[in-house]
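Trainee: Enclosed is the structure file target.txt (compact mmCIF, C-alpha atoms).
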```txt
# COMPACT_ATOMS: atom_id res chain seq x y z
CA MET T 1 0.00 0.00 0.00
CA GLU T 2 2.77 2.40 1.00
CA THR T 3 4.72 1.53 -2.12
CA SER T 4 1.69 2.24 -4.29
CA LEU T 5 1.20 5.59 -2.64
CA ALA T 6 4.87 6.44 -3.08
CA THR T 7 4.67 5.45 -6.73
CA LEU T 8 1.60 7.63 -7.26
CA GLU T 9 3.38 10.56 -5.62
CA GLN T 10 6.42 10.06 -7.81
CA LYS T 11 4.23 10.03 -10.90
CA ALA T 12 2.51 13.23 -9.78
CA VAL T 13 5.86 14.97 -9.30
CA GLY T 14 7.05 13.58 -12.64
CA LYS T 15 4.05 15.12 -14.39
CA LYS T 16 4.72 18.48 -12.72
CA GLU T 17 8.37 18.31 -13.78
CA ALA T 18 7.30 17.66 -17.37
CA ASP T 19 5.04 20.71 -17.16
CA LEU T 20 7.87 22.77 -15.67
CA ALA T 21 10.25 21.73 -18.43
CA ALA T 22 7.69 22.78 -21.05
CA TRP T 23 7.07 26.07 -19.25
CA LEU T 24 10.80 26.84 -19.20
CA ARG T 25 11.32 25.90 -22.87
CA ASP T 26 8.46 28.20 -23.85
CA ARG T 27 9.87 31.17 -21.97
CA GLY T 28 13.64 30.67 -21.72
CA PRO T 29 16.25 31.93 -21.29
CA VAL T 30 15.45 32.51 -17.62
CA ALA T 31 17.03 34.36 -14.71
CA VAL T 32 16.28 32.85 -11.31
CA GLY T 33 16.12 34.86 -8.10
CA PHE T 34 18.46 32.56 -6.22
CA SER T 35 18.86 32.40 -2.44
CA GLY T 36 20.25 28.88 -2.13
CA GLY T 37 17.09 27.79 -0.32
CA VAL T 38 15.30 24.55 -1.14
CA ASP T 39 12.95 26.05 -3.74
CA SER T 40 15.20 28.37 -5.71
CA ALA T 41 18.05 25.84 -5.70
CA TYR T 42 15.79 23.24 -7.25
CA LEU T 43 14.42 25.69 -9.81
CA ALA T 44 17.86 26.94 -10.84
CA VAL T 45 19.31 23.46 -11.21
CA PHE T 46 16.26 22.10 -13.02
CA ALA T 47 16.34 25.07 -15.42
CA ARG T 48 20.06 24.53 -15.99
CA ARG T 49 19.45 20.88 -16.87
CA THR T 50 16.45 21.69 -19.07
CA LEU T 51 17.72 24.73 -20.95
CA GLY T 52 21.49 24.36 -20.85
CA ARG T 53 24.17 26.55 -19.31
CA ASP T 54 23.81 29.59 -21.54
CA ALA T 55 20.08 29.94 -21.00
CA VAL T 56 20.08 30.19 -17.19
CA LEU T 57 21.38 32.84 -14.82
CA ALA T 58 21.00 32.47 -11.05
CA ILE T 59 21.05 35.89 -9.39
CA ILE T 60 21.86 36.28 -5.70
CA GLY T 61 20.79 39.45 -3.88
CA ARG T 62 23.18 40.02 -0.97
CA SER T 63 22.34 42.12 2.09
CA PRO T 64 22.75 42.03 5.89
CA SER T 65 19.40 40.21 6.16
CA TYR T 66 20.67 37.35 4.00
CA PRO T 67 22.32 34.70 6.22
CA ALA T 68 25.97 34.12 5.33
CA GLU T 69 25.48 30.39 5.74
CA GLN T 70 22.77 30.46 3.09
CA TRP T 71 24.99 32.48 0.80
CA ALA T 72 27.66 29.81 1.12
CA THR T 73 25.07 27.14 0.29
CA ALA T 74 23.92 29.07 -2.78
CA ARG T 75 27.45 29.38 -4.09
CA GLY T 76 28.15 25.72 -3.37
CA VAL T 77 25.04 24.49 -5.22
CA ALA T 78 25.74 26.72 -8.21
CA ALA T 79 29.33 25.51 -8.43
CA ALA T 80 28.43 21.84 -8.03
CA PHE T 81 25.69 21.95 -10.70
CA ASP T 82 27.42 24.36 -13.07
CA VAL T 83 24.81 27.10 -12.80
CA PRO T 84 26.08 30.56 -13.84
CA VAL T 85 25.71 33.09 -11.02
CA LEU T 86 25.49 36.85 -10.77
CA GLU T 87 25.73 38.48 -7.33
CA LEU T 88 24.19 41.87 -6.59
CA ASP T 89 24.09 43.94 -3.41
CA THR T 90 20.70 45.13 -2.22
CA ASP T 91 20.14 47.93 0.25
CA GLU T 92 16.72 47.47 1.81
CA LEU T 93 17.96 48.64 5.22
CA HIS T 94 18.28 52.17 3.87
CA ASP T 95 14.58 52.23 2.99
CA PRO T 96 12.76 53.61 6.06
CA ALA T 97 9.61 51.81 4.97
CA TYR T 98 11.50 48.52 5.31
CA ALA T 99 13.58 49.34 8.36
CA SER T 100 10.54 50.39 10.40
CA ASN T 101 9.44 46.75 10.04
CA PRO T 102 5.75 46.96 9.16
CA SER T 103 3.76 43.76 8.66
CA ASN T 104 4.29 44.13 4.89
CA ARG T 105 8.07 44.50 5.32
CA CYS T 106 8.70 41.75 2.76
CA TYR T 107 7.03 43.89 0.12
CA PHE T 108 9.71 46.58 0.49
CA CYS T 109 12.52 44.02 0.57
CA LYS T 110 11.33 42.30 -2.58
CA THR T 111 10.70 45.63 -4.28
CA GLU T 112 14.35 46.51 -3.66
CA LEU T 113 15.46 43.06 -4.82
CA TRP T 114 13.46 42.99 -8.04
CA THR T 115 14.19 46.66 -8.83
CA ARG T 116 17.86 45.73 -9.01
CA LEU T 117 17.61 42.19 -10.28
CA VAL T 118 15.13 42.47 -13.16
CA PRO T 119 17.06 45.21 -15.06
CA ALA T 120 20.35 43.38 -14.42
CA ALA T 121 18.85 40.23 -15.92
CA GLY T 122 17.38 42.13 -18.88
CA ALA T 123 20.70 43.79 -19.64
CA ARG T 124 22.18 40.31 -20.06
CA GLY T 125 19.39 39.08 -22.33
CA PHE T 126 17.30 37.31 -19.69
CA LEU T 127 13.82 38.70 -20.18
CA THR T 128 12.03 36.06 -18.13
CA VAL T 129 12.69 36.30 -14.40
CA VAL T 130 11.40 33.63 -12.00
CA ASP T 131 11.39 33.03 -8.28
CA GLY T 132 11.08 29.90 -6.15
CA THR T 133 7.66 30.59 -4.61
CA ASN T 134 5.85 27.26 -4.23
CA ALA T 135 2.18 26.33 -4.01
CA ASP T 136 2.24 26.06 -0.20
CA ASP T 137 3.46 29.65 0.05
CA LEU T 138 0.24 30.93 -1.48
CA SER T 139 -1.74 30.21 1.68
CA ASP T 140 0.75 32.07 3.92
CA HIS T 141 1.16 35.78 4.70
CA ARG T 142 3.47 36.75 1.79
CA PRO T 143 3.40 40.47 0.97
CA GLY T 144 6.60 39.98 -1.03
CA ALA T 145 4.56 38.20 -3.70
CA VAL T 146 2.92 41.53 -4.59
CA ALA T 147 6.32 43.03 -5.41
CA ALA T 148 7.11 40.03 -7.61
CA ARG T 149 3.90 40.55 -9.57
CA GLU T 150 4.58 44.28 -9.94
CA HIS T 151 7.94 43.43 -11.54
CA ALA T 152 6.50 40.69 -13.74
CA VAL T 153 8.46 38.01 -11.92
CA ALA T 154 6.91 34.60 -12.55
CA SER T 155 6.50 31.80 -10.00
CA PRO T 156 6.30 28.62 -12.08
CA LEU T 157 6.61 26.24 -9.12
CA ALA T 158 3.54 27.77 -7.50
CA ASP T 159 1.64 28.06 -10.77
CA LEU T 160 2.27 24.40 -11.64
CA GLY T 161 1.27 23.16 -8.19
CA PHE T 162 4.63 22.17 -6.71
CA SER T 163 4.31 21.79 -2.94
CA LYS T 164 7.32 21.94 -0.64
CA THR T 165 7.14 18.16 -0.33
CA ASP T 166 7.21 17.81 -4.14
CA ILE T 167 10.25 20.08 -4.34
CA ARG T 168 12.12 18.17 -1.66
CA ALA T 169 11.40 14.87 -3.44
CA ALA T 170 12.42 16.26 -6.83
CA SER T 171 15.55 17.83 -5.31
CA ARG T 172 16.55 14.50 -3.84
CA SER T 173 16.18 12.85 -7.24
CA LEU T 174 18.45 15.50 -8.75
CA GLY T 175 21.04 14.91 -6.03
CA LEU T 176 20.69 18.39 -4.56
CA PRO T 177 22.15 18.74 -1.05
CA THR T 178 19.35 21.15 -0.23
CA TRP T 179 16.61 18.50 -0.40
CA GLN T 180 16.40 18.15 3.37
CA GLN T 181 17.67 21.59 4.29
CA PRO T 182 15.38 23.45 6.72
CA SER T 183 13.55 26.46 5.34
CA SER T 184 15.64 29.56 5.89
CA PRO T 185 13.91 32.89 5.42
CA CYS T 186 15.78 36.15 5.83
CA LEU T 187 17.11 37.20 9.23
CA SER T 188 14.60 40.05 9.49
CA SER T 189 11.89 37.44 9.92
CA ARG T 190 13.25 36.91 13.45
CA ILE T 191 12.32 40.49 14.47
CA PRO T 192 8.70 41.22 15.49
CA TYR T 193 6.78 43.65 13.33
CA GLY T 194 7.11 47.18 14.65
CA THR T 195 10.59 46.63 16.07
CA PRO T 196 13.01 48.39 13.71
CA VAL T 197 15.35 46.21 11.65
CA THR T 198 18.96 47.31 12.04
CA ARG T 199 22.26 45.94 10.84
CA GLU T 200 23.32 45.38 14.47
CA ARG T 201 20.21 43.38 15.35
CA LEU T 202 20.56 41.21 12.25
CA ALA T 203 24.20 40.54 13.09
CA LEU T 204 23.28 39.65 16.67
CA ILE T 205 20.64 37.16 15.51
CA GLU T 206 23.02 35.65 12.99
CA ARG T 207 25.77 35.23 15.61
CA ALA T 208 23.31 33.61 18.01
CA GLU T 209 22.07 31.11 15.44
CA TYR T 210 25.61 30.33 14.40
CA ALA T 211 26.57 29.75 18.04
CA LEU T 212 23.66 27.34 18.45
CA ARG T 213 24.55 25.44 15.29
CA ALA T 214 28.04 25.11 16.76
CA LEU T 215 26.47 23.25 19.71
CA GLY T 216 25.32 20.61 17.24
CA ILE T 217 21.73 21.77 16.76
CA GLU T 218 20.46 20.58 13.39
CA GLY T 219 17.16 21.04 11.62
CA ASP T 220 14.78 23.92 12.23
CA LEU T 221 16.21 26.70 14.37
CA ARG T 222 15.24 30.33 14.85
CA VAL T 223 16.45 32.96 17.30
CA ARG T 224 13.53 35.37 17.67
CA TYR T 225 14.51 38.85 18.77
CA HIS T 226 12.56 40.39 21.68
CA ASP T 227 14.83 43.33 22.66
CA ASP T 228 16.94 42.01 25.55
CA LEU T 229 15.53 38.50 25.15
CA ALA T 230 16.34 35.82 22.58
CA ARG T 231 13.53 33.30 22.20
CA VAL T 232 14.94 30.16 20.64
CA GLU T 233 12.72 27.90 18.57
CA LEU T 234 13.98 24.36 17.88
CA ALA T 235 12.41 21.43 16.06
CA PRO T 236 9.78 19.98 18.45
CA ALA T 237 11.56 16.61 18.45
CA ALA T 238 14.66 18.25 19.92
CA LEU T 239 12.90 19.89 22.85
CA SER T 240 13.06 17.09 25.41
CA CYS T 241 16.82 16.95 24.97
CA TRP T 242 17.40 20.71 25.20
CA LEU T 243 15.09 21.15 28.19
CA GLN T 244 17.52 19.15 30.33
CA ALA T 245 19.09 21.60 32.81
CA GLU T 246 22.65 21.02 31.64
CA ARG T 247 21.81 21.42 27.97
CA LEU T 248 19.58 24.41 28.53
CA THR T 249 22.41 26.08 30.43
CA GLU T 250 24.73 25.34 27.52
CA LEU T 251 22.22 26.83 25.10
CA ARG T 252 21.69 29.93 27.23
CA ASP T 253 25.42 30.54 27.70
CA ALA T 254 26.07 30.27 23.95
CA VAL T 255 23.48 32.93 23.17
CA VAL T 256 24.47 35.21 26.07
CA ARG T 257 28.08 35.10 24.89
CA VAL T 258 27.17 36.73 21.58
CA GLY T 259 25.28 39.60 23.22
CA PHE T 260 21.73 38.77 24.36
CA GLU T 261 20.99 39.44 28.03
CA ARG T 262 18.26 36.86 28.39
CA VAL T 263 17.53 33.59 26.62
CA ALA T 264 14.38 31.49 26.61
CA LEU T 265 13.54 28.24 24.85
CA ASP T 266 10.13 28.17 23.18
CA LEU T 267 8.06 25.39 24.69
CA ARG T 268 6.18 24.54 21.51
CA GLY T 269 9.21 24.60 19.28
CA PHE T 270 9.71 25.91 15.77
CA ARG T 271 6.71 27.37 13.99
CA SER T 272 6.98 28.87 10.54
CA GLY T 273 5.53 32.38 10.81
CA SER T 274 5.68 32.32 14.60
CA LEU T 275 6.00 36.09 14.83
CA ASN T 276 3.02 36.53 12.49
CA VAL T 277 0.96 34.71 15.13
CA LEU T 278 2.45 36.70 17.99
CA SER T 279 1.66 39.98 16.28
CA GLY T 280 -1.82 38.87 15.26
CA VAL T 281 -1.11 38.99 11.50
CA SER T 282 -1.85 35.26 11.15
CA PRO T 283 -4.16 33.05 13.22
CA GLU T 284 -2.61 30.49 15.55
CA MET E 1 2.73 31.38 41.15
CA THR E 2 5.21 29.96 43.57
CA GLY E 3 8.84 30.49 44.32
CA SER E 4 9.62 34.03 43.20
CA PRO E 5 7.90 37.31 42.36
CA MET E 6 5.60 37.44 39.37
CA ARG E 7 6.34 40.01 36.70
CA ILE E 8 3.32 41.33 34.85
CA ASP E 9 3.12 43.65 31.86
CA GLU E 10 0.12 45.56 30.58
CA SER E 11 -0.89 43.04 27.92
CA GLY E 12 -4.28 42.40 29.45
CA HIS E 13 -3.86 38.64 29.23
CA ASP E 14 -4.78 36.73 32.31
CA VAL E 15 -1.34 36.01 33.71
CA VAL E 16 -2.53 35.73 37.31
CA ALA E 17 -5.03 33.03 36.41
CA LEU E 18 -2.37 31.29 34.31
CA ALA E 19 0.04 31.34 37.25
CA ARG E 20 -2.59 29.65 39.43
CA ALA E 21 -3.27 27.05 36.75
CA VAL E 22 0.42 26.30 36.29
CA THR E 23 0.82 25.88 40.04
CA ALA E 24 -2.18 23.55 40.09
CA LEU E 25 -0.37 21.48 37.46
CA GLY E 26 2.38 21.01 40.03
CA LEU E 27 4.93 23.34 38.49
CA SER E 28 6.85 25.89 40.49
CA CYS E 29 7.66 28.82 38.20
CA ALA E 30 8.03 32.57 38.21
CA ILE E 31 6.00 34.00 35.34
CA GLU E 32 6.48 37.05 33.14
CA ALA E 33 4.07 38.14 30.41
CA ARG E 34 5.09 40.10 27.32
CA GLY E 35 2.03 40.61 25.18
CA LYS E 36 0.92 37.17 24.00
CA LEU E 37 4.26 35.64 25.01
CA VAL E 38 4.60 34.24 28.50
CA LEU E 39 7.96 33.36 30.05
CA LEU E 40 8.25 30.66 32.69
CA LEU E 41 11.27 30.61 34.99
CA PRO E 42 10.98 27.15 36.51
CA ALA E 43 12.46 25.72 39.70
CA PRO E 44 14.88 22.84 38.90
CA GLU E 45 12.40 20.06 39.62
CA SER E 46 9.82 21.78 37.42
CA LEU E 47 12.29 22.13 34.58
CA ALA E 48 12.77 18.36 34.66
CA ARG E 49 9.00 17.93 34.38
CA LEU E 50 8.81 20.34 31.45
CA ALA E 51 11.20 18.09 29.56
CA GLU E 52 8.30 15.58 29.48
CA THR E 53 6.09 15.89 26.42
CA GLU E 54 2.84 15.51 28.36
CA THR E 55 3.71 18.30 30.80
CA ARG E 56 4.65 20.57 27.91
CA ARG E 57 1.37 19.88 26.17
CA ALA E 58 -0.61 20.60 29.32
CA THR E 59 1.30 23.84 29.93
CA LEU E 60 0.80 25.02 26.37
CA SER E 61 -2.88 24.21 26.59
CA LEU E 62 -3.24 26.23 29.80
CA ALA E 63 -1.41 29.17 28.26
CA ARG E 64 -3.70 29.10 25.23
CA GLU E 65 -6.77 29.01 27.48
CA HIS E 66 -5.51 32.17 29.16
CA GLY E 67 -4.86 34.09 25.95
CA PHE E 68 -1.17 33.40 25.30
CA THR E 69 0.04 32.14 21.93
CA HIS E 70 3.67 31.54 22.92
CA VAL E 71 5.33 30.04 26.01
CA ALA E 72 9.07 29.98 26.59
CA ILE E 73 11.29 28.63 29.35
CA GLU E 74 14.01 30.88 30.69
CA LEU E 75 16.93 30.01 32.91
CA PRO E 76 18.20 32.83 35.10
CA ASN E 77 21.28 34.43 33.60
CA ASP E 78 23.92 35.02 36.25
CA ARG E 79 26.18 36.68 33.71
CA ARG E 80 23.83 39.37 32.43
CA ARG E 81 26.42 42.04 32.94
CA ALA E 82 29.20 40.14 31.20
CA PRO E 83 30.43 41.93 28.08
CA ALA E 84 29.19 40.55 24.79
CA ASP E 85 31.65 39.15 22.31
CA PRO E 86 31.30 41.26 19.16
CA ASP E 87 33.82 39.05 17.41
CA ALA E 88 31.85 35.86 17.87
CA PRO E 89 32.16 33.95 14.61
CA VAL E 90 29.75 33.93 11.71
CA LEU E 91 30.33 32.65 8.21
CA ARG E 92 29.99 36.08 6.60
CA ASP E 93 33.16 37.06 4.80
```
As a first step, turn the structure in this file into structure tokens.
Mentor:
Amino acid sequence: METSLATLEQKAVGKKEADLAAWLRDRGPVAVGFSGGVDSAYLAVFARRTLGRDAVLAIIGRSPSYPAEQWATARGVAAAFDVPVLELDTDELHDPAYASNPSNRCYFCKTELWTRLVPAAGARGFLTVVDGTNADDLSDHRPGAVAAREHAVASPLADLGFSKTDIRAASRSLGLPTWQQPSSPCLSSRIPYGTPVTRERLALIERAEYALRALGIEGDLRVRYHDDLARVELAPAALSCWLQAERLTELRDAVVRVGFERVALDLRGFRSGSLNVLSGVSPE
Amino acid sequence: MTGSPMRIDESGHDVVALARAVTALGLSCAIEARGKLVLLLPAPESLARLAETETRRATLSLAREHGFTHVAIELPNDRRRAPADPDAPVLRD
């Protein structure tokens, strides 16, 4: 029974991949907004395999809100799968509308990203620009999607019905190291709406998460910024281990060392969009 | 609440009732509310109980009943005044 279900799922993903290949051939060459996350890595590598090296350009937008670890992953995937890369700096922190951290912050970030990326792609002959938005994203609070539409950026994975599970399965088939990588949104997503985003706060969050990874924490991990307090979210399966006094002390000391005064471990564990719930933007 | 003073903010959530409910569950914790986030500072024996899945579920359920969407466990930080390390490593180059 399980085998049959797995086979059916594979066939469904195979059909979506055939549709994606046709979509890309119709519209290529394509530039991919490339973060090195699960979705954009899959899309860039699949496009590279479908269209060939000269018809794909993966473009990385670098800024203080982009985790350095993710940047390293993006470069590694591009090198391993021979995907041409262009790197651009973005400057969303200098936009007061972004830095004040409203609930539609992602709109201003993506506006900055696409304002730089789309012309850069066009200047190199890439008139179709795509992002890695998937079908699951459509049900979430995603103001950044509006900016993508305003800049005529297409989301073929979402349009063709690829779920995150589909993309992980397809990534595994392609041999992508990102297939089981946790989702990794920008560092600003760790700061509650209404609390200004600053370079210093982003660096503090990044240092704290790096320090926790150094303790051996794998899988989902977020350090949520609450002024003097870091609220750490771990994968629920890891909680029983890290709630042991000795381990919790280790966790607290690691985060205090990088600059937080207080550290707390979230009792429910990692939740995508946790701060959306806390601020009332999304229901629990 | 048992053990140490309760810290209450102006969130309007029912932190006093939550403190009573947590105590009735057999946990000894100081409690601090920050909007819809509640922080528990447990005594050592209560921390050990919170490592159990069932106790966590019950605590989360109580918090939800009293208007809180997030619960986090804090250990006291004896080194709050220690200088931060601005050179702590990250991968950024």
Trainee: Do you have the CA of Asp89 (chain T)-CA of Thr73 (chain T) distance handy?
Mentor: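 Atom-to-atom, CA of Asp89 (chain T) to CA of Thr73 (chain T), that is 17.2 Å.
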Trainee: At a cut-off of 7 Å, which residues of chain T touch chain E? Count only C-alpha atoms and give the answer as a PyMOL selection string.
Mentor: chain T and resi 68-69+207+210+240+243-244+257-259+261-267+278
Trainee: Have a look at CA of Tyr107 (chain T) and CA of Ala152 (chain T) and let me know their distance in Å, one decimal.
Mentor: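 So the two atoms, CA of Tyr107 (chain T) and CA of Ala152 (chain T), lie 14.2 Å apart.
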Trainee: At a cut-off of 12 Å from (22.0, 34.1, -13.3) in the coordinates of the file, what residues are picked up using all atoms listed in the file, written as a ChimeraX atom specification?
Mentor: /T:29-35,40-41,43-45,47-48,53-61,74-75,78,82-88,117-118,120-131
Trainee: Would you be able to write out as a PyMOL selection string which residues have an atom within 10 Å of (14.9, 22.6, -9.7) in the file's coordinates, counting all atoms listed in the file?
Mentor: chain T and resi 17+20-21+38-50+132+157+167-168+170-171+174+176
Trainee: Grab all the atoms of region 19-22 of chain T that the file lists, wrap them in a box along x, y and z, add 3 Å per side, and give me centre plus edge lengths in Å (one decimal) as JSON.
Mentor:
```
{"center_x": 7.6, "center_y": 21.7, "center_z": -18.4, "size_x": 11.2, "size_y": 8.1, "size_z": 11.4}
```
Trainee: Grab the CA of Leu24 (chain T) to CA of Ala169 (chain T) distance for me, in Å with one decimal place.
Mentor: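 Here the two named atoms are 19.8 Å from each other.
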Trainee: Choose the residue, out of T:Asp228, T:Asp26, T:Asp253, T:Asp159, that has the smallest atom-to-atom separation from Asp137 (chain T); count all atoms listed in the file.
Mentor: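 Once distances to Asp137 (chain T) are computed over all atoms listed in the file, the minimum belongs to T:Asp159.
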Trainee: Report as a list in words all protein, DNA and RNA residues lying within 10 Å of Ser28 (chain E), evaluated on all atoms listed in the file, omitting residues in the same chain fewer than 2 positions from it.
Mentor: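 Listed by chain and then number, they are Met1, Thr2, Gly3, Ser4, Ala19, Val22, Thr23, Ala24, Leu25, Gly26, Ala30, Ile31, Leu40, Leu41, Pro42, Ala43, Pro44, Glu45, Ser46 and Leu47 of chain E.
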Trainee: Pull out region 237-248 of chain T, keep N, CA and C atoms, and write it as a PDB file, in the first residue's frame.
Mentor:
```pdb
ATOM      1  N   ALA T 237      10.951  17.880  18.041  1.00  0.00           N
ATOM      2  CA  ALA T 237      11.558  16.610  18.451  1.00  0.00           C
ATOM      3  C   ALA T 237      12.819  16.815  19.281  1.00  0.00           C
ATOM      4  N   ALA T 238      13.417  17.995  19.189  1.00  0.00           N
ATOM      5  CA  ALA T 238      14.664  18.250  19.918  1.00  0.00           C
ATOM      6  C   ALA T 238      14.415  18.822  21.310  1.00  0.00           C
ATOM      7  N   LEU T 239      13.174  19.153  21.616  1.00  0.00           N
ATOM      8  CA  LEU T 239      12.903  19.892  22.851  1.00  0.00           C
ATOM      9  C   LEU T 239      13.226  19.114  24.119  1.00  0.00           C
ATOM     10  N   SER T 240      12.833  17.848  24.177  1.00  0.00           N
ATOM     11  CA  SER T 240      13.057  17.087  25.411  1.00  0.00           C
ATOM     12  C   SER T 240      14.534  17.055  25.765  1.00  0.00           C
ATOM     13  N   CYS T 241      15.364  16.951  24.751  1.00  0.00           N
ATOM     14  CA  CYS T 241      16.821  16.948  24.968  1.00  0.00           C
ATOM     15  C   CYS T 241      17.294  18.294  25.498  1.00  0.00           C
ATOM     16  N   TRP T 242      16.860  19.389  24.848  1.00  0.00           N
ATOM     17  CA  TRP T 242      17.403  20.714  25.204  1.00  0.00           C
ATOM     18  C   TRP T 242      16.726  21.322  26.417  1.00  0.00           C
ATOM     19  N   LEU T 243      15.691  20.670  26.940  1.00  0.00           N
ATOM     20  CA  LEU T 243      15.091  21.145  28.193  1.00  0.00           C
ATOM     21  C   LEU T 243      15.744  20.498  29.415  1.00  0.00           C
ATOM     22  N   GLN T 244      16.730  19.647  29.203  1.00  0.00           N
ATOM     23  CA  GLN T 244      17.520  19.153  30.329  1.00  0.00           C
ATOM     24  C   GLN T 244      18.364  20.317  30.859  1.00  0.00           C
ATOM     25  N   ALA T 245      18.463  20.419  32.189  1.00  0.00           N
ATOM     26  CA  ALA T 245      19.091  21.602  32.808  1.00  0.00           C
ATOM     27  C   ALA T 245      20.484  21.885  32.234  1.00  0.00           C
ATOM     28  N   GLU T 246      21.267  20.827  32.098  1.00  0.00           N
ATOM     29  CA  GLU T 246      22.649  21.021  31.643  1.00  0.00           C
ATOM     30  C   GLU T 246      22.688  21.550  30.212  1.00  0.00           C
ATOM     31  N   ARG T 247      21.829  21.007  29.379  1.00  0.00           N
ATOM     32  CA  ARG T 247      21.812  21.420  27.970  1.00  0.00           C
ATOM     33  C   ARG T 247      21.211  22.812  27.799  1.00  0.00           C
ATOM     34  N   LEU T 248      20.205  23.090  28.611  1.00  0.00           N
ATOM     35  CA  LEU T 248      19.581  24.411  28.534  1.00  0.00           C
ATOM     36  C   LEU T 248      20.575  25.490  28.986  1.00  0.00           C
TER      37      LEU T 248
END
```
